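Here's the structure we're looking at; comments come further down.
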Amino acid sequence: MNKSRREPEVFSSGERYRRRAKQWSGRVPVCVIYPNTYHLGMSNLGFQFLYHLFSEDNRFAVDRAFAPESIQEKLLLSYETGHKMDEFYILAFSISYENDYLNVLKILKDGGIPLNREDRGDKFPILIAGGAAITINPGAVLQVFDAVFIGEVEDAFSEFSDAIVENYEKNLSKEYLLRRLSEIDGFYVPGFYNYEFNREGRVTGVNPVLDVPGKVKRRITSDINNSVPRTFLFTSETEFSNMGVIEIARGCRWKCRFCAASYIYHPLRFRSQDVIKREILDMSQQCSKFGLLGALPTDHPELKDITDFIISLKKKFSFSSVRIGSLKDSIISALISGKENTVTLAPETGNERLRRVINKPITNHALFSQIERIVKNGLRRVKLYFLIGLPFERDEDVYDIAGLVKELLLLFPGVLFTLSAGIFVPKPHTPFQWAPFTDLEIIKRRIAILKKELAHKKNLILEISSLKSALIEAFLARSDIGVSKKLIELSGKLRGNNLLRMINYSEWIFREKDYNEFLPWDIIDNGIDRTYLLQEYKEAGVLL
Ligand code: SF4
């Protein structure tokens, strides 16, 4: 391997970090990759955390790579030292969003790495992936990666980093390392399993061919106070420029039936205020604001102490999301004094009937009271998240979204509302994993209802997410290794988002799954009983 291509430099992005890139000599070269732009990657806490874990370990020389910003860039080089992808020993991908699976193929192609793991011998790097999308279902990239990691990385890092270092230093085979990884809870090595297919080409069973677990257990960190995902590398080129983001809670007690985050990050855990304050203090020289992150950070029992501490440092703060009813006057006025001008709430539906179906027991009355309290304290911008295409949804439910928003506009004339409507994607490991993606004509009709009812309303910004992007997400989130092979085959022709024209995706997303059928992600033991999920799904239908 060519060990030194370019000296570490001051990056054009103006990054602020304590360390400079380490020299390769004697260290295991690892490239941590975010399969999207630099801007999005550096805004992603999971990516920053993985990079930090490798950087802190002196046995590794760690670099980063991102998806090329333009299609003109032909050869992908690492960000810090300009090395080629095949010069690294490990390529470690952090993947939060299913749609980025397509960028993985592009990055490897541009990096000169064969896409199919069976075509890569010992002379190519070992490809590993983790992150929320992988934990939900790695099916669409199982033919690409040598190993995927399911769950939370903190406890596992020391185990797999030891295995990697030993393999590198002793020049052992890739096969040997993969066997060691397969012994670590959370690792899934697809090459050690045999996949059964039906006549339509869908996987109907997965069986170990070696002495590896029949099910891969999602890894759960034993004590989240032992380490803290936060911003380690500050750059002006991120969405949260000048903001230190810190995870203060993980998991959510509410278990809304559509919410993958609630099921893949359970159980609910809160990081202690002492640990949070220590990290906030450590970041405080580098930023003027803190983003408090979690599935529902405003449920943190020590929230007031944490926000008081931030105020005492003369810094501002905001939350990744807010549970309706959880914002007290003191927190709202602290937000305002920190010049925060928008609060984001997620009623998801326009009425309580559909909220019972999705198991989000929030009343419209509670929503009105929360907004009243926000407005009384002086905040003038409210963003509301809704979903279209939920299971058991009817046209009337969408009219109810419009009705609810109209009522809010009347009640709070001085407030600027943003209605953000997402297209619902049924995700693995949730009670709605059996549900079909709502028929396209129905979705289009419901989008049209919203637009017609709410177009050109004063004090309202209407944002509707991309239907095409939701279809790609649904397809990739519900795929299996057969799809992964197909994507590799098609990769030469994939340009931008033309996937939907090239593949027959209908069968994967528009069919309600049979309750007894094998699901591609059934090999993952997420820690929640399938019978419970099914019971929840059936109950949602009964509540119609
Ligand atoms: S939607 Fe929000 S409240 Fe519901 S489970 Fe997910 S994070 Fe919790």
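In the structure tokens, the first chain shown is A, the next is B, and so on; residue numbers restart at 1 for each chain, and ligands run from 1 in the order shown.
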
May I have the residues within 12 Å of A:Cys252 as a PDB file with N, CA and C atoms, in the first residue's frame, using only C-alpha atoms and disregarding those fewer than 6 positions away in the same chain?
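Output contents, as saved in selection19.pdb:
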```pdb
ATOM      1  N   CYS A 259     -43.422   4.161  14.145  1.00  0.00           N
ATOM      2  CA  CYS A 259     -42.138   4.825  14.393  1.00  0.00           C
ATOM      3  C   CYS A 259     -40.989   3.833  14.565  1.00  0.00           C
ATOM      4  N   ALA A 260     -40.150   3.724  13.540  1.00  0.00           N
ATOM      5  CA  ALA A 260     -39.024   2.778  13.604  1.00  0.00           C
ATOM      6  C   ALA A 260     -38.048   3.173  14.710  1.00  0.00           C
ATOM      7  N   ALA A 261     -37.848   4.492  14.906  1.00  0.00           N
ATOM      8  CA  ALA A 261     -36.880   4.935  15.915  1.00  0.00           C
ATOM      9  C   ALA A 261     -37.232   4.381  17.290  1.00  0.00           C
ATOM     10  N   SER A 262     -38.522   4.344  17.563  1.00  0.00           N
ATOM     11  CA  SER A 262     -38.944   3.870  18.873  1.00  0.00           C
ATOM     12  C   SER A 262     -38.606   2.381  19.069  1.00  0.00           C
ATOM     13  N   TYR A 263     -38.631   1.603  17.981  1.00  0.00           N
ATOM     14  CA  TYR A 263     -38.404   0.161  18.103  1.00  0.00           C
ATOM     15  C   TYR A 263     -36.939  -0.230  17.973  1.00  0.00           C
ATOM     16  N   ILE A 264     -36.147   0.547  17.216  1.00  0.00           N
ATOM     17  CA  ILE A 264     -34.742   0.126  17.069  1.00  0.00           C
ATOM     18  C   ILE A 264     -33.822   0.761  18.108  1.00  0.00           C
ATOM     19  N   TYR A 265     -34.348   1.728  18.860  1.00  0.00           N
ATOM     20  CA  TYR A 265     -33.503   2.308  19.911  1.00  0.00           C
ATOM     21  C   TYR A 265     -34.004   1.962  21.309  1.00  0.00           C
ATOM     22  N   HIS A 266     -34.982   1.060  21.395  1.00  0.00           N
ATOM     23  CA  HIS A 266     -35.468   0.764  22.725  1.00  0.00           C
ATOM     24  C   HIS A 266     -34.410  -0.055  23.469  1.00  0.00           C
ATOM     25  N   PRO A 267     -34.327  -0.092  24.790  1.00  0.00           N
ATOM     26  CA  PRO A 267     -35.248   0.576  25.711  1.00  0.00           C
ATOM     27  C   PRO A 267     -34.926   2.068  25.862  1.00  0.00           C
ATOM     28  N   LEU A 268     -35.878   2.765  26.475  1.00  0.00           N
ATOM     29  CA  LEU A 268     -35.696   4.187  26.742  1.00  0.00           C
ATOM     30  C   LEU A 268     -34.596   4.383  27.787  1.00  0.00           C
ATOM     31  N   ARG A 269     -33.645   5.255  27.467  1.00  0.00           N
ATOM     32  CA  ARG A 269     -32.582   5.581  28.418  1.00  0.00           C
ATOM     33  C   ARG A 269     -32.288   7.079  28.375  1.00  0.00           C
ATOM     34  N   PHE A 270     -32.011   7.643  29.546  1.00  0.00           N
ATOM     35  CA  PHE A 270     -31.631   9.058  29.602  1.00  0.00           C
ATOM     36  C   PHE A 270     -30.179   9.153  30.054  1.00  0.00           C
ATOM     37  N   GLY A 294     -32.501  13.366  20.655  1.00  0.00           N
ATOM     38  CA  GLY A 294     -33.038  12.116  21.178  1.00  0.00           C
ATOM     39  C   GLY A 294     -34.342  11.875  20.455  1.00  0.00           C
ATOM     40  N   ALA A 295     -34.950  10.692  20.648  1.00  0.00           N
ATOM     41  CA  ALA A 295     -36.256  10.480  20.033  1.00  0.00           C
ATOM     42  C   ALA A 295     -37.219  11.538  20.579  1.00  0.00           C
ATOM     43  N   LEU A 296     -37.170  11.733  21.889  1.00  0.00           N
ATOM     44  CA  LEU A 296     -37.967  12.799  22.501  1.00  0.00           C
ATOM     45  C   LEU A 296     -37.170  13.447  23.636  1.00  0.00           C
ATOM     46  N   PRO A 297     -36.285  14.366  23.307  1.00  0.00           N
ATOM     47  CA  PRO A 297     -35.411  14.949  24.338  1.00  0.00           C
ATOM     48  C   PRO A 297     -36.170  15.696  25.424  1.00  0.00           C
ATOM     49  N   THR A 298     -37.377  16.207  25.089  1.00  0.00           N
ATOM     50  CA  THR A 298     -38.099  16.990  26.102  1.00  0.00           C
ATOM     51  C   THR A 298     -38.714  16.097  27.182  1.00  0.00           C
ATOM     52  N   ASP A 299     -38.594  14.783  27.034  1.00  0.00           N
ATOM     53  CA  ASP A 299     -39.037  13.876  28.110  1.00  0.00           C
ATOM     54  C   ASP A 299     -37.943  13.670  29.157  1.00  0.00           C
ATOM     55  N   HIS A 300     -36.750  14.223  28.936  1.00  0.00           N
ATOM     56  CA  HIS A 300     -35.638  14.000  29.870  1.00  0.00           C
ATOM     57  C   HIS A 300     -36.020  14.536  31.262  1.00  0.00           C
ATOM     58  N   SER A 321     -36.783  17.422  18.625  1.00  0.00           N
ATOM     59  CA  SER A 321     -38.237  17.307  18.525  1.00  0.00           C
ATOM     60  C   SER A 321     -38.837  17.555  19.902  1.00  0.00           C
ATOM     61  N   ARG A 323     -42.290  16.736  22.430  1.00  0.00           N
ATOM     62  CA  ARG A 323     -43.564  16.023  22.614  1.00  0.00           C
ATOM     63  C   ARG A 323     -44.649  17.037  22.974  1.00  0.00           C
TER      64      ARG A 323
END
```

Can you list, as a PyMOL selection string, all residues belonging to stretch 9-243 of chain A that DSSP tags as helix (DSSP H, G or I)?
chain A and resi 38-42+45-56+85-87+98-110+117-119+132-136+139-141+154-169+174-182+190-192+224-226

Quick one: residues within 8 Å of A:Lys289, only C-alpha atoms counted, chain neighbours fewer than 6 positions away excluded, as a short mmCIF file (atom, residue, chain, number, x, y, z; two decimals) with C-alpha atoms, in the first residue's frame?
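out-v1.cif, written as the output of this step:
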```cif
data_model
loop_
_atom_site.label_atom_id
_atom_site.label_comp_id
_atom_site.auth_asym_id
_atom_site.auth_seq_id
_atom_site.Cartn_x
_atom_site.Cartn_y
_atom_site.Cartn_z
CA ASN A 242 -21.90 26.72 15.15
CA MET A 243 -24.08 24.24 17.02
CA GLY A 244 -22.83 21.44 19.26
CA LYS A 315 -25.39 29.81 25.16
CA LYS A 316 -28.56 28.94 23.27
CA PHE A 317 -30.26 25.60 22.78
CA SER A 318 -32.90 23.85 20.73
#
```

As a VMD selection string, please: every residue in stretch 95-296 of chain A that a backbone DSSP assignment puts in strand (DSSP E).
chain A and resid 126 to 130 147 to 149 187 to 188 193 to 197 203 to 208 216 to 217 243 to 247 249 to 250 269 to 270 289 to 293

Tell me which protein, DNA and RNA residues are within 12 Å of stretch 329-333 of chain A, counting only C-alpha atoms, leaving out same-chain ones fewer than 6 positions away, and put them as a PDB file with C-alpha atoms, in the first residue's frame.
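Wrote out.pdb, looks like this:
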```pdb
ATOM      1  CA  THR A 298     -38.099  16.990  26.102  1.00  0.00           C
ATOM      2  CA  GLU A 302     -33.432  16.555  34.224  1.00  0.00           C
ATOM      3  CA  LEU A 303     -34.162  18.815  31.278  1.00  0.00           C
ATOM      4  CA  LYS A 304     -34.551  21.952  33.379  1.00  0.00           C
ATOM      5  CA  ASP A 305     -31.118  21.467  35.024  1.00  0.00           C
ATOM      6  CA  ILE A 306     -29.516  20.856  31.645  1.00  0.00           C
ATOM      7  CA  THR A 307     -31.057  23.905  29.970  1.00  0.00           C
ATOM      8  CA  ASP A 308     -30.305  26.083  33.038  1.00  0.00           C
ATOM      9  CA  ILE A 310     -26.583  25.988  29.067  1.00  0.00           C
ATOM     10  CA  ILE A 311     -28.126  29.363  29.901  1.00  0.00           C
ATOM     11  CA  LYS A 316     -28.563  28.939  23.273  1.00  0.00           C
ATOM     12  CA  PHE A 317     -30.263  25.604  22.777  1.00  0.00           C
ATOM     13  CA  SER A 318     -32.902  23.845  20.732  1.00  0.00           C
ATOM     14  CA  PHE A 319     -34.459  20.370  20.583  1.00  0.00           C
ATOM     15  CA  VAL A 322     -40.796  18.174  21.156  1.00  0.00           C
ATOM     16  CA  LYS A 339     -33.426  33.507  20.045  1.00  0.00           C
ATOM     17  CA  GLU A 340     -35.045  30.212  19.048  1.00  0.00           C
ATOM     18  CA  ASN A 341     -37.963  31.226  16.890  1.00  0.00           C
ATOM     19  CA  THR A 342     -39.589  27.925  15.852  1.00  0.00           C
ATOM     20  CA  VAL A 343     -41.034  25.012  17.781  1.00  0.00           C
ATOM     21  CA  SER A 369     -53.086  24.107  24.642  1.00  0.00           C
ATOM     22  CA  GLN A 370     -49.434  23.529  23.775  1.00  0.00           C
ATOM     23  CA  ILE A 371     -49.541  26.051  20.958  1.00  0.00           C
ATOM     24  CA  GLU A 372     -51.415  28.522  23.157  1.00  0.00           C
ATOM     25  CA  ARG A 373     -48.678  28.230  25.754  1.00  0.00           C
ATOM     26  CA  ILE A 374     -45.965  28.663  23.113  1.00  0.00           C
ATOM     27  CA  VAL A 375     -47.667  31.736  21.695  1.00  0.00           C
ATOM     28  CA  LYS A 376     -48.403  33.214  25.145  1.00  0.00           C
ATOM     29  CA  ASN A 377     -44.687  33.093  25.834  1.00  0.00           C
ATOM     30  CA  GLY A 378     -43.918  34.990  22.656  1.00  0.00           C
ATOM     31  CA  LEU A 379     -42.918  32.360  20.076  1.00  0.00           C
ATOM     32  CA  ARG A 380     -44.363  33.091  16.652  1.00  0.00           C
TER      33      ARG A 380
END
```

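With distances restricted to only C-alpha atoms and all ligand atoms, A:Glu348 is the closest residue to ligand 1 from A:Glu348, A:Asp397, A:Glu539, A:Asp514.
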
Give me the residues within 9 Å of A:Ile401 as a PyMOL selection string, counting only C-alpha atoms and dropping any in the same chain fewer than 6 places off.
chain A and resi 348-351+386+450

Under the rule that only C-alpha atoms are counted, which of A:Ala133, A:Ile224, A:Leu460, A:Glu118 is the nearest residue to A:Lys174?
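Under the stated criterion, the closest residue is A:Glu118.
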
May I have the residues within 8 Å of A:Pro428 as a PyMOL selection string, using only C-alpha atoms and disregarding those fewer than 5 positions away in the same chain?
chain A and resi 136-137+260+433+477-478+521

Using only C-alpha atoms, which protein or nucleic acid residues come within 9 Å of A:Tyr34? Drop anything in the same chain fewer than 3 positions from it, and give the result as a PDB file with N, CA and C atoms, in the first residue's frame.
```
ATOM      1  N   THR A  37     -23.476  13.669   0.876  1.00  0.00           N
ATOM      2  CA  THR A  37     -22.534  14.791   0.768  1.00  0.00           C
ATOM      3  C   THR A  37     -21.791  15.058   2.084  1.00  0.00           C
ATOM      4  N   TYR A  38     -20.701  15.789   1.959  1.00  0.00           N
ATOM      5  CA  TYR A  38     -19.947  16.242   3.132  1.00  0.00           C
ATOM      6  C   TYR A  38     -20.876  16.985   4.094  1.00  0.00           C
ATOM      7  N   LEU A  40     -24.112  16.790   4.596  1.00  0.00           N
ATOM      8  CA  LEU A  40     -25.023  15.930   5.363  1.00  0.00           C
ATOM      9  C   LEU A  40     -24.245  15.009   6.307  1.00  0.00           C
ATOM     10  N   GLY A  41     -23.121  14.502   5.836  1.00  0.00           N
ATOM     11  CA  GLY A  41     -22.326  13.580   6.662  1.00  0.00           C
ATOM     12  C   GLY A  41     -21.838  14.249   7.931  1.00  0.00           C
ATOM     13  N   MET A  42     -21.321  15.482   7.786  1.00  0.00           N
ATOM     14  CA  MET A  42     -20.778  16.155   8.960  1.00  0.00           C
ATOM     15  C   MET A  42     -21.882  16.658   9.887  1.00  0.00           C
ATOM     16  N   ASN A  44     -24.264  14.587  10.664  1.00  0.00           N
ATOM     17  CA  ASN A  44     -24.836  13.339  11.171  1.00  0.00           C
ATOM     18  C   ASN A  44     -24.064  12.853  12.394  1.00  0.00           C
ATOM     19  N   PHE A  47     -22.286   9.318  12.207  1.00  0.00           N
ATOM     20  CA  PHE A  47     -21.053   9.366  11.424  1.00  0.00           C
ATOM     21  C   PHE A  47     -19.936  10.010  12.237  1.00  0.00           C
ATOM     22  N   ARG A  64     -11.758  10.083   6.169  1.00  0.00           N
ATOM     23  CA  ARG A  64     -13.189  10.099   5.839  1.00  0.00           C
ATOM     24  C   ARG A  64     -13.391  10.131   4.333  1.00  0.00           C
ATOM     25  N   ALA A  65     -14.576   9.715   3.917  1.00  0.00           N
ATOM     26  CA  ALA A  65     -14.957   9.905   2.516  1.00  0.00           C
ATOM     27  C   ALA A  65     -16.462  10.159   2.466  1.00  0.00           C
ATOM     28  N   PHE A  66     -16.863  10.859   1.421  1.00  0.00           N
ATOM     29  CA  PHE A  66     -18.278  11.196   1.220  1.00  0.00           C
ATOM     30  C   PHE A  66     -18.632  10.917  -0.229  1.00  0.00           C
ATOM     31  N   ALA A  67     -19.927  10.922  -0.502  1.00  0.00           N
ATOM     32  CA  ALA A  67     -20.334  10.751  -1.897  1.00  0.00           C
ATOM     33  C   ALA A  67     -19.834  11.958  -2.686  1.00  0.00           C
ATOM     34  N   ALA A  92     -15.461   1.655   6.518  1.00  0.00           N
ATOM     35  CA  ALA A  92     -16.554   1.551   7.502  1.00  0.00           C
ATOM     36  C   ALA A  92     -17.638   2.567   7.162  1.00  0.00           C
ATOM     37  N   PHE A  93     -18.774   2.087   6.704  1.00  0.00           N
ATOM     38  CA  PHE A  93     -19.868   2.973   6.292  1.00  0.00           C
ATOM     39  C   PHE A  93     -20.822   3.225   7.456  1.00  0.00           C
ATOM     40  N   SER A  94     -21.258   4.467   7.587  1.00  0.00           N
ATOM     41  CA  SER A  94     -22.307   4.806   8.550  1.00  0.00           C
ATOM     42  C   SER A  94     -23.529   5.223   7.731  1.00  0.00           C
ATOM     43  N   ILE A  95     -24.613   4.432   7.822  1.00  0.00           N
ATOM     44  CA  ILE A  95     -25.750   4.662   6.917  1.00  0.00           C
ATOM     45  C   ILE A  95     -27.031   4.877   7.724  1.00  0.00           C
ATOM     46  N   SER A  96     -27.546   6.076   7.645  1.00  0.00           N
ATOM     47  CA  SER A  96     -28.754   6.399   8.417  1.00  0.00           C
ATOM     48  C   SER A  96     -30.023   6.271   7.594  1.00  0.00           C
ATOM     49  N   ASP A 100     -29.714   6.189   0.765  1.00  0.00           N
ATOM     50  CA  ASP A 100     -28.265   6.293   0.571  1.00  0.00           C
ATOM     51  C   ASP A 100     -27.624   4.956   0.178  1.00  0.00           C
ATOM     52  N   VAL A 104     -23.994   4.139  -1.913  1.00  0.00           N
ATOM     53  CA  VAL A 104     -22.928   3.194  -1.549  1.00  0.00           C
ATOM     54  C   VAL A 104     -22.366   2.572  -2.827  1.00  0.00           C
TER      55      VAL A 104
END
```

Calculated over only C-alpha atoms, which of the candidates A:Asp522, A:Ala346, A:Phe54, A:Leu105 has the smallest distance to A:Ala366?
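Smallest distance to A:Ala366 is found for A:Ala346.
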
What does the distance from atom CA of A:Lys538 to atom CA of A:Gly482 come to in Å, to one decimal?
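That distance, rounded to one decimal, is 29.3 Å.
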
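Ranking A:Arg501, A:Arg179, A:Arg230, A:Arg27 by their shortest atom-to-atom distance to A:Val165, with only C-alpha atoms included, puts A:Arg27 first.
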
Ligand 1 proximity check over A:Cys31, A:Leu345, A:Leu127, A:Leu490, using only C-alpha atoms and all ligand atoms: winner is A:Leu345

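Nearest-residue note for ligand 1: choosing from A:Leu387, A:Ile128, A:Leu416, A:Ile220, the minimum distance belongs to A:Leu387, counting only C-alpha atoms and all ligand atoms.
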
Between atom CA of A:Ile33 and atom CA of A:Ser465, measure the distance and give it in Å to one decimal.
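Between these atoms lies a distance of 26.4 Å.
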